[in-house]
$ cat final_19.tsv   # TSV, C-alpha atoms
chain	number	residue	atom	x	y	z
A	170	MET	CA	100.49	325.99	236.96
A	171	SER	CA	97.80	327.97	238.79
A	172	GLU	CA	98.95	330.59	241.25
A	173	GLY	CA	96.22	331.74	243.62
A	174	PRO	CA	94.78	329.72	246.48
A	175	VAL	CA	91.69	327.54	246.35
A	176	LEU	CA	88.76	329.53	247.68
A	177	LEU	CA	86.33	327.39	249.65
A	178	VAL	CA	82.90	328.84	250.36
A	179	GLU	CA	81.35	326.58	252.98
A	180	ASP	CA	79.16	327.61	255.90
A	181	ASP	CA	78.99	324.29	257.71
A	182	VAL	CA	81.80	324.00	260.29
A	183	SER	CA	81.95	320.22	260.40
A	184	ASP	CA	82.01	319.96	256.59
A	185	PHE	CA	84.73	322.60	256.54
A	186	ARG	CA	86.86	320.67	259.03
A	187	LEU	CA	86.53	317.48	257.01
A	188	ILE	CA	87.44	319.24	253.77
A	189	GLN	CA	90.33	321.01	255.49
A	190	ARG	CA	91.63	317.70	256.79
A	191	ALA	CA	91.40	316.17	253.32
A	192	PHE	CA	93.33	319.16	251.92
A	193	ALA	CA	95.97	318.74	254.61
A	194	LYS	CA	96.69	315.23	253.32
A	195	ILE	CA	97.57	316.55	249.88
A	196	LYS	CA	101.27	316.66	249.12
A	197	PRO	CA	102.64	319.10	248.13
A	198	SER	CA	100.16	321.26	249.96
A	199	ILE	CA	97.98	323.81	248.23
A	200	PRO	CA	96.84	327.00	249.95
A	201	MET	CA	93.15	327.16	250.77
A	202	PHE	CA	91.14	330.08	252.03
A	203	ARG	CA	87.70	329.65	253.50
A	204	LEU	CA	84.70	331.96	253.51
A	205	THR	CA	81.37	331.18	255.13
A	206	HIS	CA	78.66	332.86	253.09
A	207	GLY	CA	77.74	334.16	249.67
A	208	ASP	CA	78.08	337.87	250.40
A	209	GLU	CA	81.56	337.27	251.77
A	210	ALA	CA	82.53	335.41	248.59
A	211	VAL	CA	81.35	338.29	246.42
A	212	ALA	CA	83.16	340.84	248.62
A	213	TYR	CA	86.36	338.79	248.47
A	214	LEU	CA	86.26	338.40	244.69
A	215	ALA	CA	85.32	342.04	244.13
A	216	GLY	CA	88.15	343.11	246.45
A	217	ASP	CA	85.78	345.00	248.75
A	218	ALA	CA	86.60	345.63	252.42
A	219	PRO	CA	88.05	343.81	254.28
A	220	TYR	CA	89.57	342.04	251.26
A	221	GLU	CA	91.13	344.99	249.38
A	222	ASN	CA	94.69	343.85	249.88
A	223	ARG	CA	95.41	341.40	247.04
A	224	SER	CA	98.73	340.28	248.49
A	225	LEU	CA	96.82	339.06	251.55
A	226	HIS	CA	93.71	338.03	249.67
A	227	PRO	CA	94.79	336.99	246.19
A	228	ILE	CA	92.37	336.08	243.42
A	229	PRO	CA	91.89	332.31	243.70
A	230	CYS	CA	92.80	329.87	240.93
A	231	VAL	CA	89.55	328.01	241.50
A	232	VAL	CA	86.50	328.31	243.76
A	233	LEU	CA	84.83	325.41	245.55
A	234	LEU	CA	81.33	326.65	246.15
A	235	ASP	CA	78.59	325.22	248.32
A	236	ILE	CA	74.99	325.85	247.20
A	237	LYS	CA	73.10	326.26	250.44
A	238	LEU	CA	74.75	329.31	251.96
A	239	PRO	CA	73.49	332.12	254.17
A	240	ARG	CA	72.78	335.54	252.59
A	241	ARG	CA	73.55	334.80	248.96
A	242	SER	CA	73.33	331.21	247.72
A	243	GLY	CA	76.12	329.52	245.81
A	244	LEU	CA	74.08	329.74	242.61
A	245	GLU	CA	73.68	333.50	243.10
A	246	VAL	CA	77.43	333.85	243.65
A	247	LEU	CA	78.04	331.86	240.47
A	248	GLU	CA	75.66	334.08	238.53
A	249	TRP	CA	77.37	337.18	239.90
A	250	ILE	CA	80.81	335.91	238.83
A	251	ARG	CA	79.69	334.97	235.33
A	252	THR	CA	78.11	338.36	234.69
A	253	GLN	CA	81.21	340.39	235.61
A	254	GLU	CA	82.80	342.53	232.89
A	255	SER	CA	86.33	341.78	234.08
A	256	GLU	CA	88.48	338.66	233.70
A	257	LEU	CA	86.85	337.43	236.89
A	258	LYS	CA	84.01	336.00	234.81
A	259	ARG	CA	86.36	333.23	233.63
A	260	LEU	CA	87.23	332.04	237.10
A	261	PRO	CA	86.83	328.25	237.31
A	262	ILE	CA	83.97	327.44	239.69
A	263	ILE	CA	83.23	324.00	241.03
A	264	MET	CA	80.13	323.29	243.06
A	265	LEU	CA	80.84	321.18	246.12
A	266	THR	CA	77.53	320.45	247.72
A	267	SER	CA	75.45	317.74	249.29
A	268	SER	CA	72.62	318.49	246.86
A	269	LYS	CA	72.21	315.99	244.04
A	270	HIS	CA	68.94	317.65	243.18
A	271	GLN	CA	68.47	317.72	239.40
A	272	LEU	CA	67.22	321.31	239.49
A	273	ASP	CA	70.36	322.47	241.32
A	274	VAL	CA	72.66	320.54	238.98
A	275	ASN	CA	71.00	321.84	235.83
A	276	LYS	CA	70.76	325.40	237.14
A	277	ALA	CA	74.47	325.39	237.99
A	278	TYR	CA	75.40	324.25	234.46
A	279	ASP	CA	72.99	326.75	232.91
A	280	LEU	CA	74.72	329.50	234.92
A	281	GLY	CA	78.12	328.32	233.67
A	282	VAL	CA	79.64	326.20	236.42
A	283	ASN	CA	82.78	324.35	235.34
A	284	SER	CA	82.08	321.18	237.28
A	285	TYR	CA	79.69	319.88	239.93
A	286	LEU	CA	80.85	317.62	242.72
A	287	VAL	CA	78.68	315.99	245.36
A	288	LYS	CA	80.08	315.80	248.89
A	289	PRO	CA	80.50	312.15	249.80
A	290	SER	CA	79.15	311.03	253.14
A	291	ASN	CA	82.31	309.34	254.37
A	292	ASN	CA	85.83	310.56	255.00
A	293	SER	CA	87.84	308.28	252.78
A	294	GLU	CA	85.64	309.14	249.80
A	295	LEU	CA	86.02	312.82	250.59
A	296	GLU	CA	89.80	312.41	250.64
A	297	GLN	CA	89.66	310.70	247.26
A	298	LEU	CA	87.47	313.49	245.92
A	299	VAL	CA	89.81	316.22	247.13
A	300	SER	CA	92.78	314.38	245.69
A	301	ALA	CA	91.02	313.94	242.32
A	302	PHE	CA	90.03	317.62	242.41
A	303	ARG	CA	93.65	318.57	242.93
A	304	ASN	CA	94.99	316.26	240.23
A	305	TYR	CA	92.52	317.56	237.72
A	306	TRP	CA	92.05	321.26	238.43
A	307	ILE	CA	95.41	322.21	239.90
A	308	ASP	CA	97.79	319.90	238.06
A	309	LEU	CA	96.19	319.06	234.73
A	310	ASN	CA	93.77	321.80	233.77
A	311	GLU	CA	95.02	324.90	231.99
A	312	GLY	CA	93.47	327.82	233.87
A	313	PRO	CA	92.49	331.18	232.41
A	314	THR	CA	94.35	334.44	233.08
A	315	LEU	CA	92.54	336.27	235.85
B	287	MET	CA	66.95	302.14	240.26
B	288	ALA	CA	67.32	301.31	236.59
B	289	GLU	CA	70.71	300.25	235.28
B	290	PRO	CA	72.44	303.46	234.19
B	291	VAL	CA	72.97	303.72	230.47
B	292	LEU	CA	76.60	304.37	229.60
B	293	SER	CA	77.06	307.96	228.65
B	294	THR	CA	78.16	308.82	225.16
B	295	ILE	CA	81.25	310.95	224.55
B	296	LEU	CA	81.35	313.22	221.54
B	297	LEU	CA	84.87	313.58	220.24
B	298	VAL	CA	85.49	316.47	217.84
B	299	GLU	CA	88.94	315.97	216.36
B	300	ASP	CA	90.20	316.41	212.81
B	301	THR	CA	93.45	314.45	213.12
B	302	PRO	CA	92.63	310.75	212.57
B	303	SER	CA	95.71	309.50	214.44
B	304	ASP	CA	94.85	311.59	217.52
B	305	ALA	CA	91.22	310.46	217.35
B	306	ALA	CA	92.33	306.82	217.16
B	307	LEU	CA	94.65	307.28	220.12
B	308	ILE	CA	91.97	308.96	222.24
B	309	ARG	CA	89.47	306.20	221.39
B	310	ARG	CA	92.04	303.58	222.30
B	311	GLY	CA	92.61	305.41	225.59
B	312	PHE	CA	88.92	305.19	226.41
B	313	GLU	CA	88.79	301.53	225.40
B	314	LYS	CA	91.61	300.84	227.85
B	315	THR	CA	89.61	302.20	230.77
B	316	LYS	CA	87.31	299.46	231.93
B	317	VAL	CA	84.22	301.58	231.43
B	318	LEU	CA	83.26	301.35	227.79
B	319	ASN	CA	81.44	304.57	227.11
B	320	PRO	CA	80.32	304.81	223.49
B	321	ILE	CA	82.42	307.34	221.60
B	322	VAL	CA	81.14	309.24	218.61
B	323	TRP	CA	83.81	310.78	216.46
B	324	THR	CA	83.09	313.86	214.38
B	325	LYS	CA	85.86	315.42	212.30
B	326	ASN	CA	84.94	319.08	212.48
B	327	GLY	CA	82.70	321.61	214.15
B	328	GLN	CA	80.04	321.44	211.44
B	329	GLU	CA	79.64	317.69	211.84
B	330	ALA	CA	79.52	318.03	215.63
B	331	LEU	CA	76.85	320.71	215.29
B	332	GLY	CA	74.83	318.33	213.09
B	333	TYR	CA	75.13	315.61	215.70
B	334	LEU	CA	74.19	317.87	218.60
B	335	SER	CA	71.21	319.37	216.84
B	336	GLY	CA	69.99	316.00	215.59
B	337	LEU	CA	70.20	316.75	211.87
B	338	GLY	CA	69.51	314.00	209.34
B	339	GLN	CA	70.43	310.54	210.60
B	340	TYR	CA	71.36	312.04	213.98
B	341	GLY	CA	67.67	312.73	214.62
B	342	ASP	CA	67.44	309.17	215.95
B	343	ARG	CA	68.36	309.84	219.59
B	344	THR	CA	68.18	306.18	220.54
B	345	LYS	CA	70.99	305.50	218.12
B	346	TYR	CA	72.70	308.87	218.46
B	347	PRO	CA	72.06	310.04	222.01
B	348	LEU	CA	73.12	313.45	223.20
B	349	PRO	CA	76.56	313.10	224.77
B	350	ALA	CA	77.37	313.48	228.46
B	351	LEU	CA	80.71	315.04	227.54
B	352	ILE	CA	82.20	316.81	224.54
B	353	LEU	CA	85.94	316.58	223.89
B	354	LEU	CA	86.73	319.43	221.56
B	355	ASP	CA	89.79	320.29	219.54
B	356	LEU	CA	90.04	323.98	218.62
B	357	ASP	CA	91.83	324.12	215.31
B	358	LEU	CA	89.28	322.42	213.06
B	359	PRO	CA	88.36	322.76	209.40
B	360	GLU	CA	85.02	324.27	208.32
B	361	MET	CA	83.89	325.28	211.79
B	362	THR	CA	86.46	325.85	214.52
B	363	GLY	CA	86.10	324.75	218.11
B	364	PHE	CA	85.55	328.37	219.12
B	365	GLU	CA	82.69	328.70	216.66
B	366	LEU	CA	81.13	325.50	217.94
B	367	LEU	CA	81.39	326.80	221.54
B	368	GLN	CA	79.75	330.02	220.47
B	369	TRP	CA	76.88	328.16	218.83
B	370	LYS	CA	76.51	325.70	221.69
B	371	ARG	CA	76.16	328.29	224.43
B	372	MET	CA	73.05	329.69	222.69
B	373	GLN	CA	71.27	326.31	222.57
B	374	PRO	CA	68.83	325.43	225.31
B	375	TYR	CA	69.69	322.15	227.11
B	376	ILE	CA	72.67	321.44	224.87
B	377	ARG	CA	74.46	324.37	226.48
B	378	ARG	CA	74.63	322.35	229.70
B	379	ILE	CA	76.77	319.57	228.26
B	380	PRO	CA	80.29	319.88	229.69
B	381	VAL	CA	82.99	320.65	227.12
B	382	VAL	CA	86.61	319.77	227.71
B	383	ILE	CA	88.98	321.42	225.25
B	384	LEU	CA	91.73	319.04	224.15
B	385	THR	CA	94.17	320.80	221.87
B	386	ILE	CA	97.86	321.32	221.22
B	387	ASP	CA	97.38	325.09	221.43
B	388	SER	CA	98.50	326.34	224.84
B	389	ALA	CA	98.48	330.07	224.00
B	390	THR	CA	96.99	332.17	226.79
B	391	SER	CA	94.72	333.95	224.31
B	392	ALA	CA	93.21	330.64	223.17
B	393	VAL	CA	92.74	329.45	226.76
B	394	ASN	CA	91.01	332.68	227.80
B	395	ALA	CA	88.83	332.78	224.69
B	396	ALA	CA	87.69	329.19	225.26
B	397	TYR	CA	86.66	329.95	228.86
B	398	ASP	CA	84.94	333.15	227.77
B	399	LEU	CA	82.89	331.07	225.32
B	400	GLY	CA	81.88	328.67	228.07
B	401	ALA	CA	84.38	325.80	227.95
B	402	ASN	CA	84.32	323.84	231.21
B	403	SER	CA	87.95	322.81	231.16
B	404	TYR	CA	91.03	323.22	228.96
B	405	LEU	CA	93.61	320.50	228.55
B	406	VAL	CA	96.71	320.67	226.42
B	407	LYS	CA	97.13	317.60	224.25
B	408	PRO	CA	100.55	316.08	224.87
B	409	GLY	CA	102.67	314.99	221.92
B	410	ASN	CA	103.53	311.66	223.45
B	411	PRO	CA	100.97	308.82	222.93
B	412	ASP	CA	101.43	307.41	226.45
B	413	GLU	CA	100.69	310.82	227.90
B	414	ILE	CA	97.53	311.11	225.80
B	415	MET	CA	96.40	307.73	227.13
B	416	ARG	CA	97.07	308.90	230.68
B	417	ILE	CA	95.04	312.07	230.18
B	418	VAL	CA	92.15	310.17	228.63
B	419	LYS	CA	92.01	307.95	231.70
B	420	ILE	CA	91.88	311.00	233.97
B	421	ILE	CA	89.16	312.56	231.79
B	422	GLN	CA	87.11	309.37	231.97
B	423	GLU	CA	87.47	309.08	235.74
B	424	TYR	CA	86.79	312.72	236.47
B	425	TRP	CA	84.04	313.65	234.02
B	426	LEU	CA	82.18	310.37	233.79
B	427	GLY	CA	82.90	309.12	237.28
B	428	LEU	CA	83.25	311.89	239.82
B	429	ASN	CA	81.53	314.83	238.18
B	430	GLU	CA	77.77	315.12	238.44
B	431	SER	CA	76.45	315.53	234.90
B	432	PRO	CA	73.54	317.77	233.99
B	433	LYS	CA	70.30	316.12	232.99
B	434	LEU	CA	69.25	316.76	229.45
B	435	VAL	CA	65.55	316.81	228.86
B	436	LEU	CA	65.92	316.09	225.16
B	437	ARG	CA	65.81	312.35	225.22
B	438	ALA	CA	64.05	309.72	223.19
B	439	THR	CA	61.27	308.20	225.23
B	440	PRO	CA	60.32	304.55	224.62
B	441	ASP	CA	56.73	305.42	223.75
B	442	ALA	CA	57.60	308.29	221.40
B	443	LYS	CA	56.50	307.71	217.83
$ encode --input "final_19.tsv" --output "structure tokens"
Amino acid sequence: MSEGPVLLVEDDVSDFRLIQRAFAKIKPSIPMFRLTHGDEAVAYLAGDAPYENRSLHPIPCVVLLDIKLPRRSGLEVLEWIRTQESELKRLPIIMLTSSKHQLDVNKAYDLGVNSYLVKPSNNSELEQLVSAFRNYWIDLNEGPTL
Amino acid sequence: MAEPVLSTILLVEDTPSDAALIRRGFEKTKVLNPIVWTKNGQEALGYLSGLGQYGDRTKYPLPALILLDLDLPEMTGFELLQWKRMQPYIRRIPVVILTIDSATSAVNAAYDLGANSYLVKPGNPDEIMRIVKIIQEYWLGLNESPKLVLRATPDAK
């Protein structure tokens, strides 16, 4: 259904490895591309250097976005995406964060996040979460044209 | 921590047979979230803004999820989305579009108006039941819902 990869914006290496491992268990596999901070995410989505080549760096079908990120926070990235003039503003964004803080949750919805997921503390729950994410957002949900 | 109150689902659907099927789907999941059924956008707007009888938020709480059909009499799903995104607090409530319309233009317009997700309603009843189960598990289980400040407090007169 959706064509591009999943874009994961996650600065923490150990969290990234766990998420990557959970993605690796998904069959059939889905491509995932990881970025480590907010400015990088904006550059990637805007197609700025070094991400100009869209055959190498395609527009993702969905973004998994951490909140606490260096440079630009996940909420700032979300706000940037939603205020674009182009089709990019429709891009489905899902927060994947350890913050259950009410202010973060509400702010994300006010800025137009599609869904907000809290990183579980153990591996098997993370695998379940990634599998549910895939079933819902990749298989079931009808994505916009980007 | 206090026992969580089961979150209400607002279903906006003009076809009675589809509404009945969706309600039955929710009843089949073990979690019995209360479902409020409104038949068009106007009625849903009344519920969300607390007009008339809906002013009693203990009886008619703001929903944790809105399931919205698009092709509705009086006020369409698009018009409701447009209204909703301008409302403080209410704008946070996740909306899942559930419609038979799979046209790209409808999908894009719904996202542009702030829909959280877009699902195409299958024609087959078993498939509808399956999708309802997934909706329940994802949006009322896994997803972290926003907190709505508009809430009846026990000591409010």
$ interface_residues --input "final_19.tsv" --of "chain A" --to "chain B" --cutoff "6 Å" --atoms "all atoms listed in the file" --output "short mmCIF file (atom, residue, chain, number, x, y, z; two decimals) with C-alpha atoms, in the frame of the given file"
data_model
loop_
_atom_site.label_atom_id
_atom_site.label_comp_id
_atom_site.auth_asym_id
_atom_site.auth_seq_id
_atom_site.Cartn_x
_atom_site.Cartn_y
_atom_site.Cartn_z
CA ARG A 259 86.36 333.23 233.63
CA VAL A 274 72.66 320.54 238.98
CA ASN A 275 71.00 321.84 235.83
CA TYR A 278 75.40 324.25 234.46
CA ASP A 279 72.99 326.75 232.91
CA ASN A 283 82.78 324.35 235.34
CA TYR A 285 79.69 319.88 239.93
CA LEU A 286 80.85 317.62 242.72
CA ASN A 310 93.77 321.80 233.77
CA GLU A 311 95.02 324.90 231.99
CA PRO A 313 92.49 331.18 232.41
#
$ closest_residue --input "final_19.tsv" --among "A:Ala277, A:Ala218, A:Leu176, A:Leu225" --to "A:Leu247" --atoms "all atoms listed in the file"
A:Ala277
$ closest_residue --input "final_19.tsv" --among "B:Gly332, B:Gly409, B:Gly338, B:Gly363" --to "B:Glu299" --atoms "all atoms listed in the file"
B:Gly363
$ atom_distance --input "final_19.tsv" --atom1 "atom CA of B:Arg309" --atom2 "atom CA of B:Gln328"
20.5 Å
$ axis_aligned_box --input "final_19.tsv" --around "stretch 391-394 of chain B" --padding-each-side "5 Å" --output "AutoDock Vina command-line options"
--center_x 92.9 --center_y 331.7 --center_z 225.5 --size_x 13.7 --size_y 14.5 --size_z 14.6
$ closest_residue --input "final_19.tsv" --among "A:Cys230, A:Leu265, A:Leu214, A:Leu187" --to "A:Met201" --atoms "all atoms listed in the file"
A:Cys230
$ atom_distance --input "final_19.tsv" --atom1 "atom CA of A:Gly216" --atom2 "atom CA of A:Pro197"
28.1 Å
$ atom_distance --input "final_19.tsv" --atom1 "atom CA of B:Leu334" --atom2 "atom CA of B:Asp355"
15.8 Å
$ closest_residue --input "final_19.tsv" --among "B:Thr294, B:Leu331, B:Ile414, B:Met361" --to "B:Gln373" --atoms "all atoms listed in the file"
B:Leu331
$ closest_residue --input "final_19.tsv" --among "B:Val322, B:Met372, B:Ile308, B:Leu367" --to "B:Lys345" --atoms "only C-alpha atoms"
B:Val322
$ closest_residue --input "final_19.tsv" --among "A:Ile236, A:Leu204, A:Ile250, A:Ile263" --to "A:Arg303" --atoms "only C-alpha atoms"
A:Ile263
$ residues_around --input "final_19.tsv" --residues "B:Pro320" --least-positions-apart "3" --cutoff "12 Å" --atoms "only C-alpha atoms" --output "list in words"
Val291, Leu292, Ser293, Thr294, Ile295, Leu296, Leu297, Arg309, Arg310, Phe312, Glu313, Val317, Trp323, Lys345, Tyr346, Pro347, Leu348, Pro349, Ala350, Leu351, Gln422 and Leu426 of chain B
$ closest_atom_pairs --input "final_19.tsv" --of "stretch 176-197 of chain A" --to "stretch 266-269 of chain A" --cutoff "12 Å" --atoms "all atoms listed in the file" --output "Markdown table"
| residue | atom | partner | partner_atom | distance |
| --- | --- | --- | --- | --- |
| A:Leu177 | CA | A:Thr266 | CA | 11.4 |
| A:Val178 | CA | A:Thr266 | CA | 10.3 |
| A:Glu179 | CA | A:Thr266 | CA | 8.9 |
| A:Asp180 | CA | A:Thr266 | CA | 11.0 |
| A:Asp181 | CA | A:Thr266 | CA | 10.8 |
| A:Asp184 | CA | A:Thr266 | CA | 9.9 |
| A:Phe185 | CA | A:Thr266 | CA | 11.6 |
| A:Ile188 | CA | A:Thr266 | CA | 11.7 |
$ residues_around --input "final_19.tsv" --residues "A:Arg223" --least-positions-apart "4" --cutoff "12 Å" --atoms "all atoms listed in the file" --output "PyMOL selection string"
chain A and resi 173-174+213-219+227-229
